[in-house]
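Student: Contents are PDB, C-alpha atoms; file name structure20.pdb:
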ATOM      1  CA  MET A   1       0.000   0.000   0.000
ATOM      2  CA  ASN A   2       1.366   3.397  -1.021
ATOM      3  CA  ILE A   3       0.632   6.715   0.657
ATOM      4  CA  LYS A   4       0.465   9.787  -1.583
ATOM      5  CA  LEU A   5       0.345  13.405  -0.462
ATOM      6  CA  GLU A   6      -1.139  15.805  -2.997
ATOM      7  CA  LYS A   7      -0.638  19.526  -2.330
ATOM      8  CA  LEU A   8      -0.934  18.858   1.403
ATOM      9  CA  THR A   9      -1.198  22.052   3.410
ATOM     10  CA  SER A  10      -1.659  22.140   7.187
ATOM     11  CA  ILE A  11      -2.506  25.336   9.023
ATOM     12  CA  TYR A  12      -2.906  25.558  12.778
ATOM     13  CA  HIS A  13      -5.405  28.076  14.236
ATOM     14  CA  GLU A  14      -6.452  29.176  10.767
ATOM     15  CA  ASN A  15      -8.051  32.630  10.522
ATOM     16  CA  THR A  16      -6.938  33.605  14.017
ATOM     17  CA  PRO A  17      -4.084  35.839  15.244
ATOM     18  CA  PHE A  18      -2.216  32.604  16.087
ATOM     19  CA  GLU A  19      -2.357  31.160  12.543
ATOM     20  CA  HIS A  20       0.681  29.036  11.704
ATOM     21  CA  LEU A  21       1.535  27.349   8.398
ATOM     22  CA  ALA A  22       2.942  23.946   9.401
ATOM     23  CA  LEU A  23       3.039  22.243   5.978
ATOM     24  CA  ASN A  24       3.125  24.114   2.707
ATOM     25  CA  ASN A  25       1.700  22.515  -0.451
ATOM     26  CA  ILE A  26       3.597  19.217  -0.186
ATOM     27  CA  THR A  27       3.342  16.538  -2.857
ATOM     28  CA  THR A  28       5.275  13.343  -2.222
ATOM     29  CA  GLU A  29       4.848   9.576  -1.875
ATOM     30  CA  PHE A  30       5.677   6.779   0.551
ATOM     31  CA  LYS A  31       6.017   3.505  -1.357
ATOM     32  CA  GLU A  32       5.152   0.073  -0.039
ATOM     33  CA  GLY A  33       7.887  -1.844   1.769
ATOM     34  CA  VAL A  34      10.371   1.033   1.997
ATOM     35  CA  TYR A  35      12.002   2.227   5.237
ATOM     36  CA  TYR A  36      11.770   6.044   5.281
ATOM     37  CA  GLY A  37      13.311   8.710   7.459
ATOM     38  CA  ILE A  38      11.723  12.127   7.924
ATOM     39  CA  ILE A  39      14.285  14.676   9.052
ATOM     40  CA  GLY A  40      14.385  18.375   9.759
ATOM     41  CA  HIS A  41      15.033  20.845  12.513
ATOM     42  CA  THR A  42      12.512  21.375  15.328
ATOM     43  CA  GLY A  43       9.444  23.083  13.869
ATOM     44  CA  SER A  44      10.088  21.828  10.345
ATOM     45  CA  GLY A  45       6.716  20.029  10.113
ATOM     46  CA  LYS A  46       7.768  16.430  10.757
ATOM     47  CA  SER A  47       5.153  15.666  13.417
ATOM     48  CA  THR A  48       2.422  17.419  11.463
ATOM     49  CA  MET A  49       3.228  15.350   8.391
ATOM     50  CA  ILE A  50       3.040  11.979  10.128
ATOM     51  CA  GLN A  51      -0.189  12.916  11.928
ATOM     52  CA  ASN A  52      -1.740  13.557   8.519
ATOM     53  CA  LEU A  53      -0.782  10.053   7.381
ATOM     54  CA  ASN A  54      -3.242   8.228   9.652
ATOM     55  CA  GLY A  55      -5.958  10.792  10.248
ATOM     56  CA  LEU A  56      -4.818  12.197  13.579
ATOM     57  CA  LEU A  57      -4.863  15.476  11.664
ATOM     58  CA  LEU A  58      -6.819  16.195   8.511
ATOM     59  CA  PRO A  59      -5.463  18.399   5.702
ATOM     60  CA  SER A  60      -6.352  22.068   5.764
ATOM     61  CA  TYR A  61      -6.034  21.891   1.982
ATOM     62  CA  GLY A  62      -5.000  19.123  -0.407
ATOM     63  CA  GLU A  63      -5.385  15.381   0.057
ATOM     64  CA  VAL A  64      -3.686  12.337   1.574
ATOM     65  CA  HIS A  65      -4.283   9.016  -0.225
ATOM     66  CA  VAL A  66      -3.731   5.994   2.024
ATOM     67  CA  GLY A  67      -4.104   3.153  -0.459
ATOM     68  CA  ASP A  68      -7.653   3.547  -1.725
ATOM     69  CA  ILE A  69      -8.690   5.821   1.178
ATOM     70  CA  THR A  70      -8.674   9.591   0.676
ATOM     71  CA  LEU A  71      -8.311  11.957   3.615
ATOM     72  CA  LYS A  72      -9.489  15.523   3.073
ATOM     73  CA  ARG A  73     -10.463  18.526   5.147
ATOM     74  CA  LYS A  74     -13.896  17.144   6.085
ATOM     75  CA  THR A  75     -13.372  13.375   5.959
ATOM     76  CA  LYS A  76     -15.875  11.461   8.097
ATOM     77  CA  GLN A  77     -14.816   9.675  11.270
ATOM     78  CA  ARG A  78     -15.611   6.186   9.926
ATOM     79  CA  ILE A  79     -13.105   6.742   7.101
ATOM     80  CA  ILE A  80     -10.501   7.968   9.566
ATOM     81  CA  HIS A  81     -11.084   4.837  11.655
ATOM     82  CA  GLN A  82     -10.375   2.655   8.605
ATOM     83  CA  THR A  83      -7.128   4.568   8.066
ATOM     84  CA  LYS A  84      -5.950   3.946  11.619
ATOM     85  CA  LYS A  85      -6.296   0.185  11.018
ATOM     86  CA  ARG A  86      -3.838   0.440   8.150
ATOM     87  CA  VAL A  87      -1.366   2.966   9.554
ATOM     88  CA  GLY A  88      -0.028   2.270  13.057
ATOM     89  CA  MET A  89       1.913   4.825  15.054
ATOM     90  CA  VAL A  90       4.468   4.320  17.822
ATOM     91  CA  PHE A  91       4.611   7.596  19.760
ATOM     92  CA  GLN A  92       7.392   8.810  22.021
ATOM     93  CA  PHE A  93       7.199   6.858  25.286
ATOM     94  CA  PRO A  94       4.508   4.440  24.011
ATOM     95  CA  GLU A  95       4.576   2.671  27.388
ATOM     96  CA  HIS A  96       2.672   5.649  28.817
ATOM     97  CA  GLN A  97      -0.378   4.423  26.869
ATOM     98  CA  LEU A  98      -0.593   1.089  28.700
ATOM     99  CA  PHE A  99      -3.693   0.810  30.869
ATOM    100  CA  GLU A 100      -5.103  -2.742  31.006
ATOM    101  CA  GLU A 101      -4.811  -5.099  33.995
ATOM    102  CA  SER A 102      -2.469  -7.530  32.241
ATOM    103  CA  VAL A 103       0.101  -7.565  29.460
ATOM    104  CA  ILE A 104      -1.960  -9.869  27.240
ATOM    105  CA  LYS A 105      -5.145  -7.802  27.638
ATOM    106  CA  ASP A 106      -3.303  -4.621  26.782
ATOM    107  CA  VAL A 107      -1.985  -6.083  23.535
ATOM    108  CA  MET A 108      -5.412  -7.543  22.716
ATOM    109  CA  PHE A 109      -7.148  -4.191  23.134
ATOM    110  CA  GLY A 110      -6.180  -2.802  19.719
ATOM    111  CA  PRO A 111      -7.118  -5.891  17.693
ATOM    112  CA  LYS A 112     -10.485  -6.161  19.489
ATOM    113  CA  ASN A 113     -11.082  -2.458  18.892
ATOM    114  CA  ILE A 114     -10.813  -2.972  15.129
ATOM    115  CA  GLY A 115     -13.223  -5.907  15.120
ATOM    116  CA  MET A 116     -11.288  -9.094  15.898
ATOM    117  CA  ASP A 117     -13.011 -11.601  18.164
ATOM    118  CA  GLU A 118     -11.504 -12.677  21.484
ATOM    119  CA  GLU A 119      -9.775 -15.774  20.120
ATOM    120  CA  GLU A 120      -8.193 -14.054  17.136
ATOM    121  CA  ALA A 121      -7.112 -11.067  19.229
ATOM    122  CA  ARG A 122      -5.402 -13.351  21.752
ATOM    123  CA  GLU A 123      -3.687 -15.267  18.962
ATOM    124  CA  LYS A 124      -2.319 -12.051  17.467
ATOM    125  CA  ALA A 125      -1.294 -10.731  20.883
ATOM    126  CA  GLU A 126       0.601 -13.883  21.798
ATOM    127  CA  HIS A 127       2.339 -13.974  18.424
ATOM    128  CA  TYR A 128       3.659 -10.416  18.606
ATOM    129  CA  LEU A 129       4.600 -10.604  22.272
ATOM    130  CA  LYS A 130       6.725 -13.659  21.476
ATOM    131  CA  LEU A 131       8.170 -11.879  18.418
ATOM    132  CA  LEU A 132       9.336  -9.109  20.738
ATOM    133  CA  ASN A 133      10.812 -11.642  23.180
ATOM    134  CA  ILE A 134       8.316 -11.069  25.998
ATOM    135  CA  ASP A 135       8.334 -14.201  28.169
ATOM    136  CA  GLU A 136       5.021 -16.062  28.241
ATOM    137  CA  ALA A 137       5.243 -16.063  32.035
ATOM    138  CA  LEU A 138       4.639 -12.294  31.935
ATOM    139  CA  PHE A 139       1.464 -12.405  29.831
ATOM    140  CA  ASP A 140      -0.855 -12.236  32.864
ATOM    141  CA  THR A 141       1.327  -9.767  34.758
ATOM    142  CA  PRO A 142       0.155  -6.138  35.139
ATOM    143  CA  PRO A 143       2.176  -4.125  32.574
ATOM    144  CA  PHE A 144       3.234  -1.672  35.281
ATOM    145  CA  ASP A 145       5.032  -4.452  37.175
ATOM    146  CA  ILE A 146       7.543  -5.188  34.399
ATOM    147  CA  SER A 147      10.675  -3.253  33.406
ATOM    148  CA  GLY A 148      10.555  -0.046  31.393
ATOM    149  CA  GLY A 149      12.106  -1.711  28.357
ATOM    150  CA  GLN A 150       9.585  -4.550  28.504
ATOM    151  CA  MET A 151       6.724  -2.048  28.870
ATOM    152  CA  ARG A 152       7.817  -0.344  25.677
ATOM    153  CA  LYS A 153       7.915  -3.684  23.855
ATOM    154  CA  VAL A 154       4.405  -4.514  25.104
ATOM    155  CA  ALA A 155       3.131  -1.186  23.809
ATOM    156  CA  ILE A 156       4.761  -1.835  20.431
ATOM    157  CA  ALA A 157       3.291  -5.355  20.354
ATOM    158  CA  GLY A 158      -0.161  -3.812  20.802
ATOM    159  CA  ILE A 159       0.352  -1.758  17.652
ATOM    160  CA  LEU A 160       1.826  -4.641  15.644
ATOM    161  CA  ALA A 161      -1.039  -6.937  16.690
ATOM    162  CA  MET A 162      -3.368  -4.788  14.584
ATOM    163  CA  GLU A 163      -1.077  -5.702  11.663
ATOM    164  CA  PRO A 164      -0.811  -2.261  10.075
ATOM    165  CA  GLU A 165       0.489  -1.962   6.538
ATOM    166  CA  VAL A 166       2.481   1.128   7.515
ATOM    167  CA  LEU A 167       4.282   1.665  10.828
ATOM    168  CA  ILE A 168       5.209   5.204  11.898
ATOM    169  CA  LEU A 169       7.901   5.656  14.556
ATOM    170  CA  ASP A 170       7.948   9.044  16.284
ATOM    171  CA  GLU A 171      11.253   9.356  18.184
ATOM    172  CA  PRO A 172      10.975   5.677  19.236
ATOM    173  CA  THR A 173      14.224   5.594  21.240
ATOM    174  CA  ALA A 174      13.481   8.639  23.409
ATOM    175  CA  GLY A 175      14.657   8.094  26.978
ATOM    176  CA  LEU A 176      16.407   4.774  26.312
ATOM    177  CA  ASP A 177      19.934   3.882  27.426
ATOM    178  CA  PRO A 178      22.473   3.214  24.617
ATOM    179  CA  LEU A 179      22.045  -0.581  24.642
ATOM    180  CA  SER A 180      18.233  -0.408  24.632
ATOM    181  CA  HIS A 181      18.473   2.206  21.872
ATOM    182  CA  ILE A 182      20.397  -0.195  19.641
ATOM    183  CA  GLU A 183      18.128  -3.140  20.489
ATOM    184  CA  THR A 184      15.011  -1.094  19.692
ATOM    185  CA  MET A 185      16.306   0.094  16.328
ATOM    186  CA  GLN A 186      17.404  -3.432  15.388
ATOM    187  CA  LEU A 187      13.961  -4.680  16.410
ATOM    188  CA  PHE A 188      12.227  -2.272  14.027
ATOM    189  CA  GLN A 189      14.651  -3.247  11.275
ATOM    190  CA  LYS A 190      13.730  -6.902  11.816
ATOM    191  CA  ILE A 191      10.004  -6.086  11.838
ATOM    192  CA  GLN A 192      10.329  -4.151   8.602
ATOM    193  CA  SER A 193      12.299  -6.940   6.969
ATOM    194  CA  ASP A 194      10.199  -9.867   8.234
ATOM    195  CA  MET A 195       6.769  -8.285   7.718
ATOM    196  CA  GLY A 196       7.641  -6.381   4.542
ATOM    197  CA  ILE A 197       5.776  -3.311   5.752
ATOM    198  CA  THR A 198       6.489   0.363   5.153
ATOM    199  CA  VAL A 199       8.247   2.014   8.107
ATOM    200  CA  ILE A 200       8.467   5.783   8.560
ATOM    201  CA  LEU A 201      10.978   6.980  11.157
ATOM    202  CA  VAL A 202      10.913  10.489  12.609
ATOM    203  CA  THR A 203      14.001  11.281  14.672
ATOM    204  CA  HIS A 204      16.711  13.856  15.321
ATOM    205  CA  ASP A 205      19.315  11.072  15.386
ATOM    206  CA  MET A 206      21.034  11.203  12.000
ATOM    207  CA  ASN A 207      23.031   8.074  12.843
ATOM    208  CA  ASP A 208      19.834   6.016  13.068
ATOM    209  CA  VAL A 209      18.444   7.536   9.886
ATOM    210  CA  TYR A 210      21.652   6.824   7.998
ATOM    211  CA  GLU A 211      22.067   3.237   9.196
ATOM    212  CA  TYR A 212      18.496   1.962   9.009
ATOM    213  CA  THR A 213      16.486   3.861   6.379
ATOM    214  CA  ASP A 214      16.333   3.465   2.612
ATOM    215  CA  GLU A 215      15.011   6.912   1.704
ATOM    216  CA  VAL A 216      14.814  10.307   3.374
ATOM    217  CA  LYS A 217      12.490  13.295   3.192
ATOM    218  CA  LEU A 218      13.994  16.565   4.432
ATOM    219  CA  LEU A 219      11.598  19.225   5.723
ATOM    220  CA  ASN A 220      12.267  22.827   6.657
ATOM    221  CA  GLN A 221       9.713  25.388   7.831
ATOM    222  CA  GLY A 222       6.870  23.313   6.416
ATOM    223  CA  ASN A 223       8.450  22.809   2.996
ATOM    224  CA  LEU A 224       9.738  19.584   1.449
ATOM    225  CA  ILE A 225      13.347  20.460   0.602
ATOM    226  CA  ARG A 226      14.691  17.158  -0.664
ATOM    227  CA  SER A 227      13.518  13.571  -1.099
ATOM    228  CA  GLY A 228      15.686  10.649  -2.176
ATOM    229  CA  ARG A 229      18.046   7.831  -1.248
ATOM    230  CA  THR A 230      19.424   8.067   2.271
ATOM    231  CA  GLU A 231      23.044   7.656   1.192
ATOM    232  CA  LYS A 232      22.782  10.551  -1.251
ATOM    233  CA  ILE A 233      21.169  13.012   1.140
ATOM    234  CA  LEU A 234      22.987  12.172   4.380
ATOM    235  CA  THR A 235      26.433  12.196   2.779
ATOM    236  CA  ASP A 236      25.847  15.753   1.509
ATOM    237  CA  SER A 237      27.579  17.622   4.317
ATOM    238  CA  GLU A 238      26.855  21.049   2.880
ATOM    239  CA  LEU A 239      23.124  20.332   2.573
ATOM    240  CA  LEU A 240      22.917  19.093   6.163
ATOM    241  CA  ARG A 241      24.860  22.071   7.524
ATOM    242  CA  ASN A 242      22.566  24.456   5.650
ATOM    243  CA  TYR A 243      19.624  23.052   7.614
ATOM    244  CA  ASP A 244      21.424  22.708  10.972
ATOM    245  CA  LEU A 245      21.493  18.907  10.857
ATOM    246  CA  GLU A 246      24.340  16.702  12.072
ATOM    247  CA  VAL A 247      26.404  14.738   9.587
ATOM    248  CA  PRO A 248      26.195  11.031  10.615
ATOM    249  CA  ASP A 249      29.235   9.922  12.632
ATOM    250  CA  ILE A 250      30.280   7.250  10.106
ATOM    251  CA  VAL A 251      30.104   9.747   7.244
ATOM    252  CA  ARG A 252      32.087  12.396   9.140
ATOM    253  CA  LEU A 253      34.742   9.856  10.163
ATOM    254  CA  THR A 254      35.071   8.630   6.574
ATOM    255  CA  TYR A 255      35.543  12.180   5.273
ATOM    256  CA  ASP A 256      38.103  12.907   8.033
ATOM    257  CA  LEU A 257      40.093   9.836   7.028
ATOM    258  CA  GLU A 258      40.017  10.917   3.390
ATOM    259  CA  GLN A 259      41.824  14.106   4.435
ATOM    260  CA  LYS A 260      44.555  11.834   5.815
ATOM    261  CA  GLY A 261      44.823   9.727   2.676
ATOM    262  CA  VAL A 262      42.637   6.805   3.776
ATOM    263  CA  THR A 263      40.091   6.325   1.001
ATOM    264  CA  PHE A 264      37.336   3.734   0.574
ATOM    265  CA  HIS A 265      35.496   2.854  -2.634
ATOM    266  CA  LYS A 266      32.233   3.778  -0.904
ATOM    267  CA  ILE A 267      30.993   5.403   2.278
ATOM    268  CA  PRO A 268      30.157   2.675   4.818
ATOM    269  CA  LYS A 269      26.560   2.369   6.030
ATOM    270  CA  ASN A 270      27.330   1.247   9.592
ATOM    271  CA  LYS A 271      30.126   0.466  12.062
ATOM    272  CA  GLU A 272      30.588  -3.129  10.871
ATOM    273  CA  GLU A 273      30.963  -2.032   7.254
ATOM    274  CA  PHE A 274      33.385   0.717   8.280
ATOM    275  CA  ILE A 275      35.617  -1.814  10.090
ATOM    276  CA  GLU A 276      35.519  -4.126   7.075
ATOM    277  CA  LEU A 277      36.503  -1.345   4.638
ATOM    278  CA  TYR A 278      39.205   0.041   6.907
ATOM    279  CA  THR A 279      40.694  -3.423   7.482
ATOM    280  CA  LYS A 280      40.802  -4.012   3.713
ATOM    281  CA  TRP A 281      42.457  -0.635   3.107
ATOM    282  CA  ARG A 282      45.025  -1.298   5.845
ATOM    283  CA  ASP A 283      45.840  -4.763   4.437
ATOM    284  CA  ASP A 284      46.134  -3.388   0.897
ATOM    285  CA  HIS A 285      48.562  -0.720   2.092
ATOM    286  CA  ALA A 286      50.601  -2.903   4.458
ATOM    287  CA  GLU A 287      54.313  -2.868   3.863
TER     288      GLU A 287
END
Written as structure tokens, how would this file's structure read?

Tutor:
Amino acid sequence: MNIKLEKLTSIYHENTPFEHLALNNITTEFKEGVYYGIIGHTGSGKSTMIQNLNGLLLPSYGEVHVGDITLKRKTKQRIIHQTKKRVGMVFQFPEHQLFEESVIKDVMFGPKNIGMDEEEAREKAEHYLKLLNIDEALFDTPPFDISGGQMRKVAIAGILAMEPEVLILDEPTAGLDPLSHIETMQLFQKIQSDMGITVILVTHDMNDVYEYTDEVKLLNQGNLIRSGRTEKILTDSELLRNYDLEVPDIVRLTYDLEQKGVTFHKIPKNKEEFIELYTKWRDDHAE
């Protein structure tokens, strides 16, 4: 399922003294099965864009096409509800949305809310809890009695159990320690690969965007500045500096080494690839 934005404009507090143009006439597309990053400085329109993708916000002008569903300024609630079945969103600190008396019931809530019966909802819940490595012994435990990292996984399982065709991640590693950060990003990579779904990542962490995404959309002051392959956009140091964005660590290190005569045939995508390329260069230049 593709998502297409056609001349999408979002205005907050329209026709008031507090009017603010958040998105300005944006036309772009999110294709099925691709891992996207949405980047831009604070206030660029990232959050507004993703909220338009599943009906949390409706366009002020223009349209959003979610598969065969069209979201417009006055779309009815039943249409929005259909959209939310297809586009799942993991907010910052998703564990704050847990509320049921047990882990399994919390994960079942979403599937039941979109029409699954008790048996099917439990089946989905158990499947995705196990996928996220939540021990079966915890299924009947109150979610507030497990660790913070496990709570976040339970919240994510609740979204996956609805089996969305598109998964939106809004700063998904906020508040996590470095190890949990890595584990969470690798988890989403595995989900994207195994389920073949579209993933849209919103984050300020350029290292995550560079390592995990396939394509990037760069926003600034509500305008779509650039859209294309991650490697092309995030290795353009001048472009990133112009919009106050950090150059990914691997890219910066590679460019620094080039100044010292250490050159690779390509810019590595992650730490493992960097080590491999550097080792090869060192062996090729050994005395």

Student: Output the residue selection produced by the PyMOL selection byres ((chain A and resi 20-33) around 8) on the file above, formatted as a compact mmCIF listing (two decimals) with C-alpha atoms, in the coordinates of the input.

Tutor:
# COMPACT_ATOMS: atom_id res chain seq x y z
CA MET A 1 0.00 0.00 0.00
CA ASN A 2 1.37 3.40 -1.02
CA ILE A 3 0.63 6.72 0.66
CA LYS A 4 0.46 9.79 -1.58
CA LEU A 5 0.34 13.40 -0.46
CA GLU A 6 -1.14 15.80 -3.00
CA LYS A 7 -0.64 19.53 -2.33
CA LEU A 8 -0.93 18.86 1.40
CA THR A 9 -1.20 22.05 3.41
CA SER A 10 -1.66 22.14 7.19
CA ILE A 11 -2.51 25.34 9.02
CA TYR A 12 -2.91 25.56 12.78
CA HIS A 13 -5.40 28.08 14.24
CA GLU A 14 -6.45 29.18 10.77
CA PHE A 18 -2.22 32.60 16.09
CA GLU A 19 -2.36 31.16 12.54
CA VAL A 34 10.37 1.03 2.00
CA TYR A 35 12.00 2.23 5.24
CA TYR A 36 11.77 6.04 5.28
CA GLY A 43 9.44 23.08 13.87
CA SER A 44 10.09 21.83 10.34
CA GLY A 45 6.72 20.03 10.11
CA THR A 48 2.42 17.42 11.46
CA MET A 49 3.23 15.35 8.39
CA GLY A 62 -5.00 19.12 -0.41
CA GLN A 192 10.33 -4.15 8.60
CA GLY A 196 7.64 -6.38 4.54
CA ILE A 197 5.78 -3.31 5.75
CA THR A 198 6.49 0.36 5.15
CA VAL A 199 8.25 2.01 8.11
CA GLN A 221 9.71 25.39 7.83
CA GLY A 222 6.87 23.31 6.42
CA ASN A 223 8.45 22.81 3.00
CA LEU A 224 9.74 19.58 1.45

Student: Can you tell me which residues surround segment 101-105 of chain A at a distance of at most 6 Å, considering all atoms listed in the file, apart from same-chain residues fewer than 4 positions away, and format the answer as a list in words?

Tutor: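 Result of the neighbour search: Phe139, Asp140, Thr141, Pro142 and Pro143 of chain A.
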
Student: Report as a ChimeraX atom specification all protein, DNA and RNA residues lying within 7 Å of segment 83-94 of chain A, evaluated on all atoms listed in the file, omitting residues in the same chain fewer than 3 positions from it.

Tutor: /A:54-55,79-80,97,114,152,155-156,159,162,164-172,174

Student: Between atom CA of Ile38 of chain A and atom CA of His181 of chain A, what distance in Å does the model show, to one decimal?

Tutor: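 For atom CA of Ile38 of chain A relative to atom CA of His181 of chain A, the distance reads 18.4 Å.
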
Student: Ranking A:Glu231, A:Asp194, A:Gly148, A:Arg282 by minimum distance to His96 of chain A and counting only C-alpha atoms, which one comes first?

Tutor: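 Residue with the minimum atom-to-atom distance to His96 of chain A: A:Gly148.
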
Student: Please determine, counting only C-alpha atoms, which residue among A:Gln189, A:Thr263, A:Thr254, A:Asn220 has the shortest atom-to-atom distance to Thr235 of chain A.

Tutor: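 Counting only C-alpha atoms, the residue closest to Thr235 of chain A is A:Thr254.
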
Student: Pick out the closest residue to Asp177 of chain A from this set: A:Val202, A:Ser193, A:Lys280, A:Gly149. Count all atoms listed in the file.

Tutor: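 Checking each of A:Val202, A:Ser193, A:Lys280, A:Gly149 against Asp177 of chain A, counting all atoms listed in the file, the winner is A:Gly149.
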
Student: Could you check the closest approach to Val247 of chain A for each of A:Ile275, A:Leu179, A:Ile267, A:Met206 and tell me which residue wins, using all atoms listed in the file?

Tutor: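 Counting all atoms listed in the file, the residue closest to Val247 of chain A is A:Met206.
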
Student: I want to know what sits within 12 Å of Lys271 of chain A, based on only C-alpha atoms, with residues of the same chain fewer than 3 positions away left out; could you give that as a list in words?

Tutor: Asn207, Asp208, Tyr210, Glu211, Pro248, Asp249, Ile250, Val251, Leu253, Thr254, Ile267, Pro268, Phe274, Ile275, Glu276, Leu277 and Tyr278 of chain A

Student: In Å to one decimal, how far is atom CA of Lys76 of chain A from atom CA of Ala121 of chain A?

Tutor: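 For atom CA of Ala121 of chain A relative to atom CA of Lys76 of chain A, the distance reads 26.6 Å.
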
Student: Between A:Gly40, A:Gly261, A:Gly115, A:Pro178, single out the one closest to Leu245 of chain A, counting all atoms listed in the file.

Tutor: A:Gly40

Student: Take atom CA of Thr230 of chain A and atom CA of Leu56 of chain A and report the distance between them in Å, one decimal.

Tutor: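 These atoms are spaced 27.1 Å apart.
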
Student: Which residues would end up in the selection if the PyMOL selection byres ((chain A and resi 216) around 7) were applied here, given that I need the answer as a CSV table (one decimal) with C-alpha atoms, keeping the file's coordinate frame?

Tutor:
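New file expr.csv:
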chain,number,residue,atom,x,y,z
A,36,TYR,CA,11.8,6.0,5.3
A,37,GLY,CA,13.3,8.7,7.5
A,38,ILE,CA,11.7,12.1,7.9
A,215,GLU,CA,15.0,6.9,1.7
A,217,LYS,CA,12.5,13.3,3.2
A,218,LEU,CA,14.0,16.6,4.4
A,227,SER,CA,13.5,13.6,-1.1
A,228,GLY,CA,15.7,10.6,-2.2
A,229,ARG,CA,18.0,7.8,-1.2
A,230,THR,CA,19.4,8.1,2.3
